[in-house]
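Colleague: Okay, so here is model06.txt, and as you'll see once you scroll down, it has compact mmCIF, N, CA and C atoms.
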# COMPACT_ATOMS: atom_id res chain seq x y z
N MET F 342 28.65 -16.57 -3.64
CA MET F 342 29.96 -16.17 -3.17
C MET F 342 30.31 -16.94 -1.89
N SER F 343 31.55 -17.20 -1.79
CA SER F 343 32.00 -17.90 -0.59
C SER F 343 32.18 -16.89 0.55
N PRO F 344 32.25 -17.36 1.79
CA PRO F 344 32.50 -16.44 2.92
C PRO F 344 33.79 -15.63 2.75
N ASP F 345 34.82 -16.26 2.19
CA ASP F 345 36.07 -15.53 1.98
C ASP F 345 35.91 -14.41 0.94
N ASP F 346 35.12 -14.71 -0.11
CA ASP F 346 34.86 -13.68 -1.13
C ASP F 346 34.10 -12.50 -0.53
N TRP F 347 33.10 -12.80 0.33
CA TRP F 347 32.34 -11.73 0.99
C TRP F 347 33.25 -10.88 1.87
N LEU F 348 34.14 -11.53 2.60
CA LEU F 348 35.06 -10.81 3.46
C LEU F 348 35.98 -9.91 2.64
N THR F 349 36.50 -10.44 1.54
CA THR F 349 37.36 -9.63 0.66
C THR F 349 36.60 -8.43 0.13
N LEU F 350 35.38 -8.66 -0.31
CA LEU F 350 34.56 -7.57 -0.83
C LEU F 350 34.27 -6.53 0.25
N ALA F 351 33.94 -6.99 1.45
CA ALA F 351 33.63 -6.07 2.55
C ALA F 351 34.82 -5.24 2.97
N LEU F 352 36.03 -5.77 2.81
CA LEU F 352 37.24 -5.06 3.23
C LEU F 352 37.89 -4.26 2.10
N THR F 353 37.30 -4.30 0.92
CA THR F 353 37.85 -3.55 -0.21
C THR F 353 37.57 -2.07 0.00
N PRO F 354 38.61 -1.23 0.01
CA PRO F 354 38.37 0.21 0.19
C PRO F 354 37.65 0.81 -1.01
N ILE F 355 36.75 1.71 -0.72
CA ILE F 355 36.02 2.42 -1.77
C ILE F 355 36.86 3.62 -2.17
N GLU F 356 37.18 3.69 -3.45
CA GLU F 356 38.07 4.75 -3.90
C GLU F 356 37.34 6.06 -4.14
N SER F 357 36.06 6.00 -4.39
CA SER F 357 35.31 7.24 -4.58
C SER F 357 33.95 7.09 -3.89
N ALA F 358 33.45 8.19 -3.46
CA ALA F 358 32.14 8.19 -2.79
C ALA F 358 31.30 9.30 -3.40
N PRO F 359 30.01 9.08 -3.53
CA PRO F 359 29.17 10.14 -4.10
C PRO F 359 29.12 11.36 -3.17
N VAL F 360 29.01 12.51 -3.77
CA VAL F 360 28.86 13.75 -3.02
C VAL F 360 27.49 14.31 -3.38
N TYR F 361 26.66 14.49 -2.37
CA TYR F 361 25.32 15.01 -2.59
C TYR F 361 25.31 16.50 -2.32
N GLU F 362 24.63 17.22 -3.21
CA GLU F 362 24.53 18.66 -3.06
C GLU F 362 23.08 19.09 -3.16
N PHE F 363 22.80 20.22 -2.56
CA PHE F 363 21.47 20.81 -2.60
C PHE F 363 21.55 22.08 -3.45
N ARG F 364 20.64 22.20 -4.41
CA ARG F 364 20.63 23.41 -5.23
C ARG F 364 19.84 24.48 -4.50
N ALA F 365 20.56 25.41 -3.91
CA ALA F 365 19.93 26.49 -3.14
C ALA F 365 19.28 27.50 -4.07
N ARG F 366 19.95 27.84 -5.14
CA ARG F 366 19.45 28.77 -6.16
C ARG F 366 20.00 28.31 -7.50
N GLU F 367 19.56 28.95 -8.55
CA GLU F 367 20.08 28.66 -9.88
C GLU F 367 21.61 28.77 -9.86
N ASP F 368 22.29 27.71 -10.26
CA ASP F 368 23.76 27.65 -10.32
C ASP F 368 24.44 27.84 -8.96
N GLU F 369 23.74 27.58 -7.86
CA GLU F 369 24.36 27.66 -6.54
C GLU F 369 24.06 26.37 -5.78
N TYR F 370 25.09 25.60 -5.52
CA TYR F 370 24.96 24.32 -4.86
C TYR F 370 25.73 24.33 -3.55
N ILE F 371 25.16 23.68 -2.55
CA ILE F 371 25.83 23.56 -1.25
C ILE F 371 25.85 22.08 -0.87
N PRO F 372 26.85 21.64 -0.09
CA PRO F 372 26.85 20.24 0.36
C PRO F 372 25.56 19.93 1.11
N PHE F 373 24.99 18.77 0.82
CA PHE F 373 23.73 18.37 1.44
C PHE F 373 23.82 18.42 2.95
N LYS F 374 24.94 18.01 3.51
CA LYS F 374 25.09 18.00 4.96
C LYS F 374 25.08 19.41 5.55
N ASN F 375 25.35 20.43 4.73
CA ASN F 375 25.32 21.82 5.20
C ASN F 375 23.97 22.49 4.97
N ALA F 376 23.08 21.82 4.28
CA ALA F 376 21.76 22.39 4.02
C ALA F 376 20.95 22.41 5.32
N SER F 377 20.01 23.33 5.40
CA SER F 377 19.14 23.41 6.58
C SER F 377 18.23 22.19 6.64
N ALA F 378 17.59 21.99 7.78
CA ALA F 378 16.65 20.87 7.92
C ALA F 378 15.52 20.98 6.90
N GLY F 379 15.05 22.19 6.64
CA GLY F 379 14.00 22.40 5.65
C GLY F 379 14.47 22.08 4.24
N GLN F 380 15.70 22.48 3.90
CA GLN F 380 16.24 22.19 2.58
C GLN F 380 16.43 20.68 2.40
N GLN F 381 16.92 20.02 3.43
CA GLN F 381 17.10 18.57 3.35
C GLN F 381 15.75 17.87 3.21
N ALA F 382 14.77 18.30 4.00
CA ALA F 382 13.43 17.69 3.92
C ALA F 382 12.82 17.91 2.54
N THR F 383 13.00 19.10 1.99
CA THR F 383 12.47 19.41 0.66
C THR F 383 13.07 18.47 -0.38
N ALA F 384 14.39 18.34 -0.36
CA ALA F 384 15.06 17.48 -1.33
C ALA F 384 14.60 16.03 -1.21
N LEU F 385 14.51 15.53 0.02
CA LEU F 385 14.10 14.14 0.22
C LEU F 385 12.64 13.92 -0.18
N LEU F 386 11.76 14.84 0.20
CA LEU F 386 10.36 14.69 -0.17
C LEU F 386 10.17 14.71 -1.68
N LYS F 387 10.81 15.66 -2.35
CA LYS F 387 10.67 15.74 -3.80
C LYS F 387 11.21 14.49 -4.48
N THR F 388 12.29 13.94 -3.95
CA THR F 388 12.85 12.71 -4.51
C THR F 388 11.89 11.54 -4.31
N LEU F 389 11.39 11.38 -3.09
CA LEU F 389 10.48 10.27 -2.79
C LEU F 389 9.17 10.37 -3.58
N LEU F 390 8.67 11.58 -3.76
CA LEU F 390 7.40 11.76 -4.46
C LEU F 390 7.55 11.63 -5.98
N ASN F 391 8.77 11.61 -6.45
CA ASN F 391 9.01 11.58 -7.89
C ASN F 391 9.36 10.18 -8.39
N GLN F 392 9.17 9.17 -7.58
CA GLN F 392 9.51 7.82 -8.02
C GLN F 392 8.44 6.82 -7.61
N PRO F 393 8.26 5.79 -8.43
CA PRO F 393 7.30 4.75 -8.05
C PRO F 393 7.89 3.89 -6.95
N GLY F 394 7.04 3.13 -6.32
CA GLY F 394 7.54 2.23 -5.28
C GLY F 394 6.41 1.74 -4.40
N PRO F 395 6.79 1.14 -3.30
CA PRO F 395 5.79 0.65 -2.36
C PRO F 395 5.12 1.84 -1.67
N PRO F 396 4.08 1.59 -0.88
CA PRO F 396 3.44 2.71 -0.17
C PRO F 396 4.47 3.53 0.61
N LEU F 397 4.25 4.83 0.59
CA LEU F 397 5.14 5.78 1.26
C LEU F 397 4.41 6.34 2.46
N ILE F 398 4.97 6.20 3.65
CA ILE F 398 4.36 6.69 4.88
C ILE F 398 5.29 7.72 5.49
N ILE F 399 4.79 8.95 5.67
CA ILE F 399 5.62 10.04 6.21
C ILE F 399 4.85 10.74 7.31
N ASP F 400 5.51 10.90 8.45
CA ASP F 400 4.93 11.60 9.60
C ASP F 400 5.31 13.07 9.51
N GLN F 401 4.32 13.92 9.45
CA GLN F 401 4.44 15.38 9.44
C GLN F 401 5.43 15.90 8.39
N PRO F 402 5.14 15.68 7.12
CA PRO F 402 6.04 16.16 6.07
C PRO F 402 6.15 17.68 6.04
N GLU F 403 5.21 18.38 6.64
CA GLU F 403 5.23 19.84 6.62
C GLU F 403 6.23 20.44 7.60
N GLU F 404 6.75 19.60 8.50
CA GLU F 404 7.69 20.10 9.50
C GLU F 404 8.95 20.63 8.81
N ASN F 405 9.39 21.80 9.21
CA ASN F 405 10.58 22.47 8.68
C ASN F 405 10.40 23.03 7.27
N LEU F 406 9.20 22.97 6.71
CA LEU F 406 8.98 23.50 5.37
C LEU F 406 8.19 24.80 5.43
N ASP F 407 8.59 25.78 4.61
CA ASP F 407 7.84 27.04 4.57
C ASP F 407 6.68 26.90 3.59
N ASN F 408 5.79 27.89 3.58
CA ASN F 408 4.57 27.81 2.76
C ASN F 408 4.82 27.67 1.27
N PRO F 409 5.77 28.40 0.66
CA PRO F 409 6.00 28.20 -0.78
C PRO F 409 6.44 26.77 -1.11
N VAL F 410 7.28 26.19 -0.26
CA VAL F 410 7.72 24.81 -0.50
C VAL F 410 6.55 23.85 -0.31
N MET F 411 5.71 24.08 0.70
CA MET F 411 4.53 23.23 0.91
C MET F 411 3.64 23.26 -0.31
N SER F 412 3.50 24.44 -0.91
CA SER F 412 2.70 24.55 -2.12
C SER F 412 3.29 23.69 -3.25
N GLU F 413 4.60 23.69 -3.40
CA GLU F 413 5.26 22.86 -4.40
C GLU F 413 5.02 21.37 -4.12
N ILE F 414 5.12 20.99 -2.86
CA ILE F 414 4.92 19.59 -2.48
C ILE F 414 3.49 19.17 -2.77
N VAL F 415 2.53 20.03 -2.43
CA VAL F 415 1.12 19.72 -2.69
C VAL F 415 0.89 19.52 -4.18
N ASN F 416 1.49 20.39 -5.01
CA ASN F 416 1.34 20.24 -6.46
C ASN F 416 1.96 18.94 -6.95
N GLN F 417 3.08 18.56 -6.37
CA GLN F 417 3.75 17.34 -6.77
C GLN F 417 2.95 16.10 -6.34
N LEU F 418 2.18 16.24 -5.29
CA LEU F 418 1.35 15.12 -4.80
C LEU F 418 0.40 14.60 -5.87
N TRP F 419 -0.15 15.51 -6.68
CA TRP F 419 -1.11 15.11 -7.70
C TRP F 419 -0.52 14.05 -8.63
N ASP F 420 0.73 14.26 -9.07
CA ASP F 420 1.38 13.28 -9.94
C ASP F 420 1.87 12.08 -9.14
N ALA F 421 2.37 12.32 -7.93
CA ALA F 421 2.94 11.25 -7.11
C ALA F 421 1.90 10.18 -6.78
N LYS F 422 0.65 10.59 -6.61
CA LYS F 422 -0.40 9.63 -6.24
C LYS F 422 -0.65 8.62 -7.37
N ARG F 423 -0.22 8.93 -8.57
CA ARG F 423 -0.35 7.98 -9.67
C ARG F 423 0.75 6.92 -9.64
N LEU F 424 1.84 7.21 -8.93
CA LEU F 424 3.00 6.33 -8.89
C LEU F 424 2.99 5.37 -7.71
N ARG F 425 2.37 5.79 -6.59
CA ARG F 425 2.40 4.97 -5.39
C ARG F 425 1.35 5.46 -4.41
N GLN F 426 1.01 4.62 -3.45
CA GLN F 426 0.10 5.02 -2.39
C GLN F 426 0.89 5.88 -1.40
N ILE F 427 0.29 6.97 -0.95
CA ILE F 427 0.97 7.89 -0.04
C ILE F 427 0.12 8.08 1.19
N VAL F 428 0.74 7.92 2.37
CA VAL F 428 0.07 8.12 3.64
C VAL F 428 0.85 9.18 4.40
N PHE F 429 0.18 10.29 4.71
CA PHE F 429 0.79 11.36 5.48
C PHE F 429 0.06 11.49 6.81
N VAL F 430 0.81 11.72 7.85
CA VAL F 430 0.25 12.12 9.13
C VAL F 430 0.57 13.60 9.22
N SER F 431 -0.47 14.44 9.28
CA SER F 431 -0.21 15.87 9.15
C SER F 431 -1.15 16.70 10.01
N HIS F 432 -0.65 17.88 10.37
CA HIS F 432 -1.47 18.88 11.05
C HIS F 432 -1.76 20.04 10.11
N ASN F 433 -1.40 19.88 8.84
CA ASN F 433 -1.51 20.94 7.87
C ASN F 433 -2.71 20.71 6.96
N ALA F 434 -3.72 21.55 7.09
CA ALA F 434 -4.94 21.40 6.28
C ALA F 434 -4.65 21.58 4.80
N ASN F 435 -3.66 22.41 4.44
CA ASN F 435 -3.33 22.60 3.02
C ASN F 435 -2.93 21.28 2.37
N LEU F 436 -2.18 20.48 3.07
CA LEU F 436 -1.75 19.20 2.55
C LEU F 436 -2.94 18.29 2.29
N VAL F 437 -3.88 18.29 3.20
CA VAL F 437 -5.06 17.43 3.10
C VAL F 437 -6.02 17.93 2.02
N VAL F 438 -6.36 19.21 2.06
CA VAL F 438 -7.36 19.76 1.15
C VAL F 438 -6.80 19.97 -0.24
N ASN F 439 -5.68 20.68 -0.36
CA ASN F 439 -5.12 20.99 -1.68
C ASN F 439 -4.46 19.78 -2.32
N GLY F 440 -4.00 18.84 -1.52
CA GLY F 440 -3.46 17.59 -2.05
C GLY F 440 -4.55 16.61 -2.41
N TYR F 441 -5.79 17.01 -2.16
CA TYR F 441 -6.99 16.23 -2.43
C TYR F 441 -6.87 14.82 -1.87
N ALA F 442 -6.79 14.76 -0.55
CA ALA F 442 -6.70 13.47 0.14
C ALA F 442 -7.91 12.62 -0.21
N GLU F 443 -7.66 11.38 -0.52
CA GLU F 443 -8.75 10.48 -0.88
C GLU F 443 -9.41 9.86 0.33
N LEU F 444 -8.68 9.82 1.44
CA LEU F 444 -9.25 9.31 2.68
C LEU F 444 -8.61 10.09 3.83
N VAL F 445 -9.44 10.59 4.71
CA VAL F 445 -8.98 11.38 5.85
C VAL F 445 -9.44 10.70 7.12
N ALA F 446 -8.53 10.59 8.07
CA ALA F 446 -8.90 10.10 9.40
C ALA F 446 -8.54 11.20 10.38
N TRP F 447 -9.41 11.50 11.31
CA TRP F 447 -9.11 12.52 12.30
C TRP F 447 -9.29 11.94 13.69
N PHE F 448 -8.59 12.55 14.62
CA PHE F 448 -8.48 11.96 15.94
C PHE F 448 -8.92 12.92 17.03
N GLY F 449 -9.27 12.37 18.16
CA GLY F 449 -9.61 13.14 19.35
C GLY F 449 -8.89 12.51 20.53
N TYR F 450 -9.10 13.07 21.69
CA TYR F 450 -8.43 12.57 22.88
C TYR F 450 -9.48 12.10 23.88
N ARG F 451 -9.21 10.98 24.51
CA ARG F 451 -10.13 10.47 25.51
C ARG F 451 -10.17 11.40 26.72
N THR F 452 -9.00 11.94 27.05
CA THR F 452 -8.89 12.85 28.18
C THR F 452 -8.26 14.14 27.68
N THR F 453 -8.93 15.27 27.86
CA THR F 453 -8.39 16.53 27.40
C THR F 453 -7.00 16.76 27.98
N GLY F 454 -6.08 17.14 27.11
CA GLY F 454 -4.72 17.40 27.54
C GLY F 454 -3.83 16.17 27.58
N ASN F 455 -4.40 14.99 27.39
CA ASN F 455 -3.61 13.77 27.39
C ASN F 455 -3.54 13.24 25.96
N GLU F 456 -2.52 13.69 25.21
CA GLU F 456 -2.42 13.34 23.80
C GLU F 456 -1.99 11.90 23.57
N SER F 457 -1.62 11.20 24.62
CA SER F 457 -1.19 9.81 24.46
C SER F 457 -2.38 8.85 24.41
N ARG F 458 -3.56 9.35 24.66
CA ARG F 458 -4.73 8.48 24.68
C ARG F 458 -5.72 8.86 23.59
N GLY F 459 -5.20 8.95 22.36
CA GLY F 459 -6.04 9.36 21.26
C GLY F 459 -6.97 8.28 20.77
N THR F 460 -8.04 8.72 20.14
CA THR F 460 -9.00 7.81 19.54
C THR F 460 -9.34 8.32 18.15
N VAL F 461 -9.71 7.42 17.28
CA VAL F 461 -10.16 7.80 15.94
C VAL F 461 -11.57 8.35 16.09
N LYS F 462 -11.75 9.62 15.71
CA LYS F 462 -13.08 10.23 15.79
C LYS F 462 -13.87 10.00 14.52
N GLY F 463 -13.16 9.90 13.39
CA GLY F 463 -13.87 9.69 12.14
C GLY F 463 -12.94 9.41 10.99
N VAL F 464 -13.53 8.86 9.92
CA VAL F 464 -12.80 8.55 8.70
C VAL F 464 -13.74 8.84 7.55
N GLY F 465 -13.22 9.43 6.49
CA GLY F 465 -14.06 9.68 5.33
C GLY F 465 -13.33 10.41 4.23
N ALA F 466 -13.98 10.52 3.11
CA ALA F 466 -13.43 11.26 1.96
C ALA F 466 -13.54 12.76 2.25
N ILE F 467 -12.68 13.52 1.63
CA ILE F 467 -12.64 14.97 1.86
C ILE F 467 -13.96 15.64 1.44
N GLU F 468 -14.73 15.00 0.56
CA GLU F 468 -16.01 15.57 0.12
C GLU F 468 -17.09 15.50 1.20
N ILE F 469 -16.88 14.64 2.19
CA ILE F 469 -17.86 14.47 3.26
C ILE F 469 -17.73 15.62 4.23
N GLU F 470 -18.88 16.22 4.59
CA GLU F 470 -18.86 17.39 5.47
C GLU F 470 -18.15 17.15 6.79
N ASP F 471 -18.35 15.98 7.39
CA ASP F 471 -17.68 15.67 8.67
C ASP F 471 -16.16 15.75 8.52
N ALA F 472 -15.64 15.29 7.41
CA ALA F 472 -14.18 15.33 7.17
C ALA F 472 -13.72 16.77 7.00
N ARG F 473 -14.49 17.56 6.27
CA ARG F 473 -14.11 18.96 6.04
C ARG F 473 -14.19 19.77 7.33
N GLU F 474 -15.10 19.42 8.20
CA GLU F 474 -15.31 20.18 9.44
C GLU F 474 -14.50 19.61 10.62
N ALA F 475 -13.72 18.57 10.41
CA ALA F 475 -13.05 17.87 11.50
C ALA F 475 -12.11 18.74 12.30
N LYS F 476 -11.54 19.77 11.71
CA LYS F 476 -10.58 20.63 12.42
C LYS F 476 -11.24 21.46 13.51
N LYS F 477 -12.54 21.57 13.46
CA LYS F 477 -13.23 22.47 14.39
C LYS F 477 -13.46 21.82 15.72
Please lay out the structure from this file as structure tokens.
Modeller:
Amino acid sequence: MSPDDWLTLALTPIESAPVYEFRAREDEYIPFKNASAGQQATALLKTLLNQPGPPLIIDQPEENLDNPVMSEIVNQLWDAKRLRQIVFVSHNANLVVNGYAELVAWFGYRTTGNESRGTVKGVGAIEIEDAREAKK
């Protein structure tokens, strides 16, 4: 395309735009922008976990999610791991244990109370006792 064609395309008004909705309950939909942070996170996580693609890296996916939703996400992880590599940074043991993490890394702090100076304390499979006991 020529620069003029790109400019014409860029200035062409869009006559319709998609409207995203969140299904709050059976036959009850609300605009996605009006959904709570937890509802939005649930929808996005379920969408991302349900498609193949490059590695997926998510920081604290459990944030804003209640326990029943976390249980659904953990169950979906089993199938999602067949579609793509998934890396979660989490403080939720349910995600690690019930999602059957294949590799766990846990961290400590060089100076107590200074979370900005973390160090890797260990890495291992969930079957290794050190990995299972790392929360202690």
Colleague: Report as a PyMOL selection string: the residues of region 358-454 of chain F with a DSSP assignment of helix (DSSP H, G or I), based on the backbone of this structure.
Modeller: chain F and resi 373-375+378-390+408-421+434-439
Colleague: Determine, counting only C-alpha atoms, which protein, DNA and RNA residues have an atom within 12 Å of an atom of Ile467 (chain F); residues of the same chain fewer than 2 positions away are not included. Present the result as a count of residues only.
Modeller: 23
Colleague: I'd like the contact shell of Gln426 (chain F) - 8 Å cut-off, only N, CA and C atoms, skipping same-chain residues fewer than 4 positions apart - returned as a ChimeraX atom specification.
Modeller: /F:393-398,421-422
Colleague: So what do you get for atom C of Met411 (chain F) versus atom N of Tyr361 (chain F), distance-wise?
Modeller: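 So the two atoms, atom C of Met411 (chain F) and atom N of Tyr361 (chain F), lie 24.7 Å apart.
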Colleague: Between F:Asn416, F:Leu352, F:Pro409, F:Phe363, which has the minimum distance to Ala384 (chain F) (counting all atoms listed in the file)?
Modeller: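 So, comparing all the options, the nearest one is F:Phe363.
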Colleague: Select, from F:Ser412, F:Ile399, F:Glu404, F:Gln380, the residue with the minimum atom-to-atom distance to Ile427 (chain F), counting only N, CA and C atoms.
Modeller: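 Ranked by minimum distance to Ile427 (chain F), first place goes to F:Ile399.
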Colleague: Record the distance separating CA of Gln392 (chain F) and atom N of Gln417 (chain F), expressed in Å with one decimal.
Modeller: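 Interatomic distance here is 12.6 Å.
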Colleague: State, in Å with one decimal place, the distance from CA of Phe448 (chain F) to atom C of Thr460 (chain F).
Modeller: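 Value for the CA of Phe448 (chain F)-atom C of Thr460 (chain F) distance: 4.3 Å.
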Colleague: Tell me which protein, DNA and RNA residues are within 10 Å of Ala382 (chain F), counting only C-alpha atoms, leaving out same-chain ones fewer than 6 positions away, and put them as an MDAnalysis selection string.
Modeller: chainID F and resid 376 388 402:406
Colleague: From the list F:Val360, F:Val430, F:Leu386, F:Met342, which residue is nearest Lys374 (chain F) when using only C-alpha atoms?
Modeller: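 Looking at the shortest contact to Lys374 (chain F), the residue is F:Val360.
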Colleague: Rank nothing, just name the residue among F:Thr349, F:Thr452, F:Asn391, F:Gln401 nearest to Leu424 (chain F), using only C-alpha atoms.
Modeller: F:Asn391
